[in-house]
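Quick notes on the structure that follows.
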Amino acid sequence: MSLQPFTLVTGKAAPMLAANIDTDVIMPKQFLKGIDRSGLDRGLFFDLRFLPSGELNPDFVLNQPAWQGASFMVVGPNFGCGSSREHAVWGLKQMGIRALIGSSFAGIFYDNCQRNGVLLITLDESVLQRLGKAVSQADQAQISVDLEAQEIRLADGQVIPFQIDNLRKTALLLGLDAIGSTLQRSEQIKAFEHRHLAANPWLS
Amino acid sequence: MTARTLYDKHIDSHTVCPLDDQGHVLLYIDRQVINEYTSPQAFSGLREAGRTVWRPGTALAVVDHVNPTTPQRIAAMPDAGGARQVSYLAENCRDFGIELLDILDKRQGIEHVIAPEQGFILPGMVIAAGDSHTTTYGALGAFGFGIGTSEIEHLLASQTLVYKRLKTMRVTVDGDLAPGLTSKDVIMALIGKIGASGATGYAIEFRGSTIDALSVEARMTICNMAVEAGARGAFMAPDEKVFAYLKGKPRAPQGELWEKALLEWRKLHTDDDAVFDREVQLDATTLEPMVTWGTSPDQAAPIGARVPDPQDVSDLILRQDMRRALNYMGLEAGMPLSEIVISHAFIGSCTNARIEDLRDAASVVRGKHVAGHVRAMIVPGSTEVRDQAEAEGLAAIFIDAGFEWRQSGCSMCLAMNDDVLAPGDRCASSTNRNFEGRQGAGARTHLMSPAMVAAAAIRGHLTDIRHFGARP
């Protein structure tokens, strides 16, 4: 399955700067009972986005006019911690989120985003705070993320550079199918496996 | 050759090829464990692309997350979603040739309990599975880590993952644990010390006299919860206790092969001169029984402490997080933790529902009775654990004390099945996560050791296990 390439994306950035937002909060348990990926936009941040009455919670950032339809989220440290559930990333993607910008991300969540073409940008805490402050103002919420140039462009003209491994960058830019790429190395894997099992015969 | 950590040795011996000069490698994975809720889309992906499973014999599937744990085991799932996941898992296992331990199998249980129990996990292996608590396998001298569904598909198709080498952290725990303290208190104290993201980007090696003295099962609790500090993997050098634990297990090597394996397994340790990126020390003699008061596993304190006051914290973000947590938990700053009244007690999960955990809990509740306002449940980690506990008379002790004695599964650790708390319920829990809504929307979780849960169930409030016997 190839992915939508990520090149230059412009859109609103919603701030959500609390620490340790876990995948249970991003996608609660009642939305994990499917065998496909559909309908997870409904479950995203369910307990925060909806009031007990079922109406949209007007206090939640993604429900506020300035950040509705956001393409990006600017998030607090250790975002995506906890459960490995990829449903969290599918939900974010279905809500239109193309990239998350934070100071640190949980490991499994990081890999899950990469596999789904969702760009994760890690910035120093002080730079992130500056960005968070900017996009928290309704008239500054619009930003552009240029992956090729590795730059975030703010509404006021500021430019924030970011780092990313080339391997990840290329995969995102081209929307590569990771499995297809790996299976091109089938002969290498077979040769390794042959040696590995010969050296550790109890693994056969 | 330069000195290497045990982590380096695992990664080096499983590297098919480097992929760049930034630490990415194609990593060969020896085993994976598959459950019904994170795997369906991976199998669908294979079907859509017309791909096969590379080596079906290296995967073991089990139903654990969505099944009910009612005392009478039945094959049918009570809800349509769970039923669909269970039947699709069976269909996938049949079509792709993977062994399935279904709900009626005597070997069924929580994946991280049954995989070691079956001897499916061996020292020196690298294991990846679609569940974050795959870190558990570090206790056996293997290296395990959690992956998402897309990675499960990648692994099924190619037996490999595109992997980036982690930094290494060594946690040295020395000294004797005081009576009443367990490995759960060790790992909760560590998470409290380094924080919920303190080990993000790291693999942790645990060592020290405290670890050496622990049983293999107790060590699993530590490696299991290392992920709650952000670690992408945890490991411990395998020792004679590990080899004794594995010997004779159904899937462990036998005879000549066992002897051959043992020779290799004894080499699995960090070289003396190896350098870790970070060193952390923990003095086990100063530890007290730990409980969480907040909604992140690092929001924990000794049971003798009080609910902390956000006013005392200078960091603005931390203070806001604490306020939010106390608000969700319905707690007042300054209140003694031991006065927190519970409505539920839960002993279960891949962290603490093995036979030793149940023995611990039974020794606390023997001859006593659960407080009138508490609903108390025991959900054994596997069907084998359940059977053994019944044979040892533990089940009778629990039932006499007023606990529900249930079938195995993940159950109320994450409440994907019908074991769900109501808003406002407050649960003393032997599990691993106290996140908002984890055990049910609006429900409140306090993490602690199984013995501490047992004591809280009897008293009706959080209780210091060290003083439990002394008071009426």
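By convention in this document, the chains of the structure tokens carry letters A, B, ... by their order, each chain's residues are numbered from 1, and ligands are numbered from 1 in the order they are shown.
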
What residues in chain A lie within 6 Å of chain B, counting only C-alpha atoms, written as a PyMOL selection string? chain A and resi 29+33+35-36+78+83-84+86+108+112+179+192+202

If you count only C-alpha atoms, which residues fall within 12 Å of Ser104 (chain A), apart from same-chain ones fewer than 2 positions away, as a ChimeraX atom specification? /A:17,19-21,74-81,100-102,106-107,109-110,120-125,128 /B:196-201,230

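Proximity to Leu394 (chain B) was assessed for B:Leu358, B:Cys223, B:Leu214, B:Cys427 counting only C-alpha atoms; the smallest distance is recorded for B:Leu358.
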
Residues near Lys93 (chain A), anyone? I mean within 12 Å using only C-alpha atoms, not counting same-chain ones fewer than 2 positions away, as a PyMOL selection string. chain A and resi 3-4+26+37-42+44+69-73+86-91+95-100+112-119

Store the residues picked out above in a file with N, CA and C atoms, as a short mmCIF file (atom, residue, chain, number, x, y, z; two decimals), in the first residue's frame.
data_model
loop_
_atom_site.label_atom_id
_atom_site.label_comp_id
_atom_site.auth_asym_id
_atom_site.auth_seq_id
_atom_site.Cartn_x
_atom_site.Cartn_y
_atom_site.Cartn_z
N LEU A 3 1.50 5.38 0.11
CA LEU A 3 0.89 6.42 0.94
C LEU A 3 0.84 7.74 0.19
N GLN A 4 0.00 8.63 0.69
CA GLN A 4 -0.02 9.98 0.13
C GLN A 4 1.32 10.65 0.45
N ILE A 26 -6.20 9.34 23.05
CA ILE A 26 -6.33 9.65 21.62
C ILE A 26 -7.41 8.77 20.99
N ARG A 37 -9.99 -0.17 9.20
CA ARG A 37 -9.53 1.10 9.75
C ARG A 37 -10.62 2.15 9.77
N SER A 38 -11.83 1.79 9.38
CA SER A 38 -12.84 2.81 9.12
C SER A 38 -13.44 3.39 10.40
N GLY A 39 -13.93 4.59 10.30
CA GLY A 39 -14.74 5.20 11.35
C GLY A 39 -13.97 5.70 12.56
N LEU A 40 -12.66 5.75 12.48
CA LEU A 40 -11.89 6.12 13.66
C LEU A 40 -11.82 7.63 13.87
N ASP A 41 -12.22 8.41 12.85
CA ASP A 41 -12.30 9.86 13.07
C ASP A 41 -13.33 10.16 14.16
N ARG A 42 -14.35 9.35 14.26
CA ARG A 42 -15.38 9.53 15.28
C ARG A 42 -14.79 9.35 16.69
N LEU A 44 -11.64 9.75 17.71
CA LEU A 44 -10.45 10.53 18.05
C LEU A 44 -10.72 11.49 19.21
N GLY A 69 -10.64 21.69 11.53
CA GLY A 69 -10.06 21.27 10.26
C GLY A 69 -8.55 21.40 10.22
N ALA A 70 -7.91 21.39 11.39
CA ALA A 70 -6.45 21.54 11.45
C ALA A 70 -5.74 20.45 10.65
N SER A 71 -4.61 20.82 10.05
CA SER A 71 -3.75 19.85 9.38
C SER A 71 -2.60 19.41 10.27
N PHE A 72 -2.36 20.20 11.33
CA PHE A 72 -1.22 19.93 12.22
C PHE A 72 -1.66 20.04 13.67
N MET A 73 -0.92 19.37 14.55
CA MET A 73 -1.09 19.61 15.98
C MET A 73 0.28 19.89 16.58
N GLU A 86 -2.44 1.29 16.81
CA GLU A 86 -2.23 2.16 15.65
C GLU A 86 -3.51 2.91 15.31
N HIS A 87 -4.62 2.43 15.88
CA HIS A 87 -5.91 3.11 15.70
C HIS A 87 -5.80 4.60 16.02
N ALA A 88 -4.92 4.95 16.96
CA ALA A 88 -4.73 6.37 17.33
C ALA A 88 -4.25 7.16 16.12
N VAL A 89 -3.31 6.59 15.37
CA VAL A 89 -2.77 7.29 14.20
C VAL A 89 -3.79 7.29 13.06
N TRP A 90 -4.47 6.16 12.86
CA TRP A 90 -5.50 6.12 11.82
C TRP A 90 -6.55 7.20 12.08
N GLY A 91 -6.93 7.37 13.35
CA GLY A 91 -7.92 8.38 13.70
C GLY A 91 -7.41 9.79 13.41
N MET A 95 -8.92 12.44 10.58
CA MET A 95 -9.36 13.79 10.94
C MET A 95 -8.62 14.84 10.12
N GLY A 96 -7.69 14.42 9.30
CA GLY A 96 -6.98 15.36 8.43
C GLY A 96 -5.64 15.83 8.96
N ILE A 97 -5.16 15.22 10.05
CA ILE A 97 -3.87 15.63 10.61
C ILE A 97 -2.74 15.03 9.76
N ARG A 98 -1.88 15.88 9.22
CA ARG A 98 -0.78 15.42 8.35
C ARG A 98 0.56 15.37 9.08
N ALA A 99 0.69 16.21 10.13
CA ALA A 99 1.96 16.22 10.88
C ALA A 99 1.70 16.62 12.32
N LEU A 100 2.54 16.10 13.21
CA LEU A 100 2.51 16.50 14.62
C LEU A 100 3.86 17.09 14.95
N ASN A 112 4.50 4.20 14.22
CA ASN A 112 3.17 4.07 13.62
C ASN A 112 2.86 5.25 12.71
N CYS A 113 3.24 6.45 13.14
CA CYS A 113 3.00 7.64 12.31
C CYS A 113 3.77 7.53 11.00
N GLN A 114 5.03 7.16 11.12
CA GLN A 114 5.88 7.04 9.93
C GLN A 114 5.26 6.08 8.92
N ARG A 115 4.76 4.93 9.42
CA ARG A 115 4.19 3.91 8.53
C ARG A 115 2.91 4.38 7.85
N ASN A 116 2.31 5.45 8.41
CA ASN A 116 1.06 5.95 7.83
C ASN A 116 1.25 7.28 7.11
N GLY A 117 2.48 7.66 6.92
CA GLY A 117 2.74 8.89 6.18
C GLY A 117 2.46 10.16 6.98
N VAL A 118 2.31 10.03 8.30
CA VAL A 118 2.12 11.20 9.15
C VAL A 118 3.50 11.65 9.65
N LEU A 119 3.85 12.88 9.32
CA LEU A 119 5.18 13.40 9.66
C LEU A 119 5.23 13.80 11.14
#

Those of region 3-177 of chain A in DSSP alpha helix (DSSP H), formatted as number ranges by chain: A: 23-26, 40-43, 46-49, 87-94, 107-115, 125-135, 166-174

Residues just named, written with N, CA and C atoms as a tab-separated table (two decimals), in the first residue's frame:
chain	number	residue	atom	x	y	z
A	23	THR	N	-2.27	7.04	24.19
A	23	THR	CA	-3.10	6.57	23.07
A	23	THR	C	-4.49	6.11	23.54
A	24	ASP	N	-4.65	5.86	24.85
A	24	ASP	CA	-6.00	5.61	25.37
A	24	ASP	C	-6.86	6.88	25.25
A	25	VAL	N	-6.23	8.03	25.48
A	25	VAL	CA	-6.95	9.30	25.36
A	25	VAL	C	-7.19	9.63	23.89
A	26	ILE	N	-6.20	9.34	23.05
A	26	ILE	CA	-6.33	9.65	21.62
A	26	ILE	C	-7.41	8.77	20.99
A	40	LEU	N	-12.66	5.75	12.48
A	40	LEU	CA	-11.89	6.12	13.66
A	40	LEU	C	-11.82	7.63	13.87
A	41	ASP	N	-12.22	8.41	12.85
A	41	ASP	CA	-12.30	9.86	13.07
A	41	ASP	C	-13.33	10.16	14.16
A	42	ARG	N	-14.35	9.35	14.26
A	42	ARG	CA	-15.38	9.53	15.28
A	42	ARG	C	-14.79	9.35	16.69
A	43	GLY	N	-13.88	8.41	16.84
A	43	GLY	CA	-13.36	8.08	18.16
A	43	GLY	C	-12.24	8.99	18.64
A	46	PHE	N	-12.14	11.13	21.91
A	46	PHE	CA	-13.60	11.10	22.10
A	46	PHE	C	-14.05	11.79	23.39
A	47	ASP	N	-13.39	11.44	24.51
A	47	ASP	CA	-13.85	11.98	25.79
A	47	ASP	C	-13.55	13.47	25.94
A	48	LEU	N	-12.64	13.98	25.12
A	48	LEU	CA	-12.33	15.41	25.15
A	48	LEU	C	-13.17	16.18	24.13
A	49	ARG	N	-13.43	15.54	22.99
A	49	ARG	CA	-14.12	16.24	21.90
A	49	ARG	C	-15.62	16.33	22.11
A	87	HIS	N	-4.62	2.43	15.88
A	87	HIS	CA	-5.91	3.11	15.70
A	87	HIS	C	-5.80	4.60	16.02
A	88	ALA	N	-4.92	4.95	16.96
A	88	ALA	CA	-4.73	6.37	17.33
A	88	ALA	C	-4.25	7.16	16.12
A	89	VAL	N	-3.31	6.59	15.37
A	89	VAL	CA	-2.77	7.29	14.20
A	89	VAL	C	-3.79	7.29	13.06
A	90	TRP	N	-4.47	6.16	12.86
A	90	TRP	CA	-5.50	6.12	11.82
A	90	TRP	C	-6.55	7.20	12.08
A	91	GLY	N	-6.93	7.37	13.35
A	91	GLY	CA	-7.92	8.38	13.70
A	91	GLY	C	-7.41	9.79	13.41
A	92	LEU	N	-6.18	10.07	13.77
A	92	LEU	CA	-5.60	11.39	13.50
A	92	LEU	C	-5.60	11.67	12.00
A	93	LYS	N	-5.19	10.65	11.24
A	93	LYS	CA	-5.11	10.79	9.79
A	93	LYS	C	-6.50	11.04	9.19
A	94	GLN	N	-7.48	10.29	9.70
A	94	GLN	CA	-8.84	10.45	9.17
A	94	GLN	C	-9.43	11.81	9.52
A	107	GLY	N	7.95	5.93	21.40
A	107	GLY	CA	8.60	5.19	20.33
A	107	GLY	C	7.66	4.47	19.38
A	108	ILE	N	6.72	3.71	19.93
A	108	ILE	CA	5.83	2.93	19.05
A	108	ILE	C	4.96	3.88	18.23
A	109	PHE	N	4.48	4.93	18.89
A	109	PHE	CA	3.63	5.92	18.20
A	109	PHE	C	4.41	6.56	17.05
A	110	TYR	N	5.67	6.85	17.30
A	110	TYR	CA	6.53	7.47	16.28
A	110	TYR	C	6.59	6.59	15.03
A	111	ASP	N	6.85	5.31	15.25
A	111	ASP	CA	6.93	4.38	14.12
A	111	ASP	C	5.58	4.23	13.42
A	112	ASN	N	4.50	4.20	14.22
A	112	ASN	CA	3.17	4.07	13.62
A	112	ASN	C	2.86	5.25	12.71
A	113	CYS	N	3.24	6.45	13.14
A	113	CYS	CA	3.00	7.64	12.31
A	113	CYS	C	3.77	7.53	11.00
A	114	GLN	N	5.03	7.16	11.12
A	114	GLN	CA	5.88	7.04	9.93
A	114	GLN	C	5.26	6.08	8.92
A	115	ARG	N	4.76	4.93	9.42
A	115	ARG	CA	4.19	3.91	8.53
A	115	ARG	C	2.91	4.38	7.85
A	125	GLU	N	12.56	22.01	23.30
A	125	GLU	CA	11.43	22.47	24.12
A	125	GLU	C	11.19	23.98	23.98
A	126	SER	N	12.27	24.77	23.96
A	126	SER	CA	12.08	26.23	23.92
A	126	SER	C	11.50	26.68	22.58
A	127	VAL	N	11.95	26.04	21.50
A	127	VAL	CA	11.43	26.38	20.16
A	127	VAL	C	9.97	25.96	20.06
A	128	LEU	N	9.69	24.78	20.64
A	128	LEU	CA	8.32	24.28	20.59
A	128	LEU	C	7.38	25.23	21.34
A	129	GLN	N	7.83	25.72	22.50
A	129	GLN	CA	7.00	26.63	23.28
A	129	GLN	C	6.69	27.89	22.48
A	130	ARG	N	7.70	28.37	21.75
A	130	ARG	CA	7.52	29.57	20.92
A	130	ARG	C	6.48	29.30	19.83
A	131	LEU	N	6.60	28.14	19.19
A	131	LEU	CA	5.63	27.77	18.15
A	131	LEU	C	4.23	27.61	18.76
A	132	GLY	N	4.19	26.95	19.93
A	132	GLY	CA	2.91	26.72	20.60
A	132	GLY	C	2.22	28.04	20.91
A	133	LYS	N	2.99	28.98	21.36
A	133	LYS	CA	2.45	30.29	21.72
A	133	LYS	C	1.90	30.98	20.47
A	134	ALA	N	2.66	30.90	19.39
A	134	ALA	CA	2.24	31.56	18.14
A	134	ALA	C	0.91	30.98	17.64
A	135	VAL	N	0.85	29.64	17.51
A	135	VAL	CA	-0.37	29.06	16.90
A	135	VAL	C	-1.56	29.08	17.85
A	166	ASN	N	17.28	10.92	6.92
A	166	ASN	CA	17.06	10.85	5.48
A	166	ASN	C	16.15	9.70	5.07
A	167	LEU	N	16.34	8.56	5.76
A	167	LEU	CA	15.55	7.37	5.43
A	167	LEU	C	14.06	7.65	5.58
A	168	ARG	N	13.72	8.28	6.71
A	168	ARG	CA	12.31	8.60	6.97
A	168	ARG	C	11.82	9.68	6.01
A	169	LYS	N	12.67	10.65	5.79
A	169	LYS	CA	12.29	11.76	4.91
A	169	LYS	C	11.94	11.26	3.51
A	170	THR	N	12.81	10.42	2.97
A	170	THR	CA	12.60	9.91	1.61
A	170	THR	C	11.30	9.12	1.54
A	171	ALA	N	11.08	8.26	2.56
A	171	ALA	CA	9.87	7.44	2.55
A	171	ALA	C	8.62	8.32	2.57
A	172	LEU	N	8.66	9.41	3.35
A	172	LEU	CA	7.49	10.29	3.44
A	172	LEU	C	7.31	11.10	2.16
A	173	LEU	N	8.41	11.61	1.63
A	173	LEU	CA	8.33	12.42	0.41
A	173	LEU	C	7.74	11.63	-0.74
A	174	LEU	N	8.12	10.35	-0.82
A	174	LEU	CA	7.69	9.54	-1.95
A	174	LEU	C	6.46	8.70	-1.64

Can you work out which one of A:Asp139, A:Asp22, A:Glu148, A:Glu193 has the shortest atom-to-atom distance to Arg55 (chain B), counting only C-alpha atoms? A:Glu193

Out of region 49-184 of chain A, which residues get strand (DSSP E or B) from DSSP, as a ChimeraX atom specification? /A:50,56,72-75,79,81,99-102,105,119-122,142-146,151-153,159-161

Which residues are close to Gly144 (chain B), i.e. within 7 Å by only C-alpha atoms, leaving aside same-chain residues fewer than 2 positions away? Reply as a ChimeraX atom specification. /B:126-128,134-138,142,233

Could you save the residues just selected, with C-alpha atoms, as a compact mmCIF listing (two decimals), in the first residue's frame?
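As a result, part.txt now contains:
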# COMPACT_ATOMS: atom_id res chain seq x y z
CA VAL B 126 14.54 -10.75 19.35
CA ILE B 127 10.76 -10.58 19.56
CA ALA B 128 8.33 -7.97 18.30
CA THR B 134 6.24 -7.04 24.75
CA THR B 135 9.14 -5.59 26.80
CA THR B 136 8.26 -8.33 29.34
CA TYR B 137 10.52 -10.81 27.54
CA GLY B 138 13.67 -9.01 28.63
CA ALA B 142 15.45 -11.97 25.11
CA GLY B 233 12.77 -2.48 25.33

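Omitting Leu337 (chain B) and its sequence neighbours fewer than 3 positions away, and counting only C-alpha atoms, the residues within 12 Å are Pro289, Met290, Val291, Thr292, Trp293, Gly294, Ala300, Ala301, Pro302, Ile303, Gly304, Ala305, Arg306, Val307, Pro308, Leu331, Glu332, Ala333, Gly334, Ile340, Val341, Ile342, Ala428, His446, Ala456, His461, Leu462, Thr463 and Asp464 of chain B.
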
Using only C-alpha atoms, determine which residues lie at most 10 Å from Cys93 (chain B), disregarding the query and same-chain residues fewer than 4 positions distant; provide the list as a PyMOL selection string. chain B and resi 34+43+56+59-61+87-89+97-100

With C-alpha atoms kept, could you save the residues just selected as a CSV table (one decimal), in the first residue's frame?
chain,number,residue,atom,x,y,z
B,34,ILE,CA,-0.4,-12.1,17.8
B,43,PHE,CA,-3.7,-9.7,7.8
B,56,PRO,CA,4.3,-18.9,10.0
B,59,ALA,CA,4.2,-16.7,15.2
B,60,LEU,CA,1.8,-17.7,17.9
B,61,ALA,CA,-1.7,-16.3,18.1
B,87,SER,CA,-13.5,-15.2,14.2
B,88,TYR,CA,-11.3,-13.2,11.8
B,89,LEU,CA,-8.2,-14.2,13.9
B,97,GLY,CA,-0.8,-21.5,8.8
B,98,ILE,CA,-0.3,-19.8,12.2
B,99,GLU,CA,-1.0,-21.7,15.5
B,100,LEU,CA,-3.9,-20.2,17.5

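For region 235-248 of chain B, the residues within 7 Å (counting only C-alpha atoms, excluding itself and residues fewer than 6 positions away along the chain) are B:Gly119, B:Pro123, B:Gly138, B:Ala139, B:Leu140, B:Gly141, B:Ala142, B:Phe143, B:Ile204, B:Glu205, B:Phe206, B:Arg207, B:Val216, B:Cys223, B:Leu268, B:His269.
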
Preceding selection exported with C-alpha atoms as an mmCIF file, in the first residue's frame:
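part-v4.cif was written with the following content:
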data_model
loop_
_atom_site.group_PDB
_atom_site.id
_atom_site.type_symbol
_atom_site.label_atom_id
_atom_site.label_comp_id
_atom_site.auth_asym_id
_atom_site.auth_seq_id
_atom_site.Cartn_x
_atom_site.Cartn_y
_atom_site.Cartn_z
ATOM 1 C CA GLY B 119 8.771 -21.742 26.363
ATOM 2 C CA PRO B 123 17.301 -16.122 25.700
ATOM 3 C CA GLY B 138 13.667 -9.010 28.629
ATOM 4 C CA ALA B 139 13.392 -10.959 31.869
ATOM 5 C CA LEU B 140 14.303 -14.108 29.924
ATOM 6 C CA GLY B 141 17.386 -12.605 28.307
ATOM 7 C CA ALA B 142 15.448 -11.965 25.113
ATOM 8 C CA PHE B 143 14.822 -8.550 23.615
ATOM 9 C CA ILE B 204 17.135 -0.382 29.574
ATOM 10 C CA GLU B 205 19.338 -3.091 31.033
ATOM 11 C CA PHE B 206 18.499 -3.930 34.641
ATOM 12 C CA ARG B 207 21.196 -5.373 36.860
ATOM 13 C CA VAL B 216 12.068 -14.845 36.937
ATOM 14 C CA CYS B 223 10.617 -5.457 32.236
ATOM 15 C CA LEU B 268 24.599 -13.379 26.861
ATOM 16 C CA HIS B 269 25.790 -10.572 29.070
#

Quote the spacing between CA of Gln108 (chain B) and CA of Thr383 (chain B) in Å to one decimal place.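 Between these atoms lies a distance of 5.7 Å.
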
Take CA of Ala451 (chain B) and CA of Asp360 (chain B) and report the distance between them in Å, one decimal.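 A separation of 5.7 Å between them.
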
Between CA of Ser382 (chain B) and CA of Arg459 (chain B), what distance in Å does the model show, to one decimal?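 Computed distance, CA of Ser382 (chain B) to CA of Arg459 (chain B), equals 27.6 Å.
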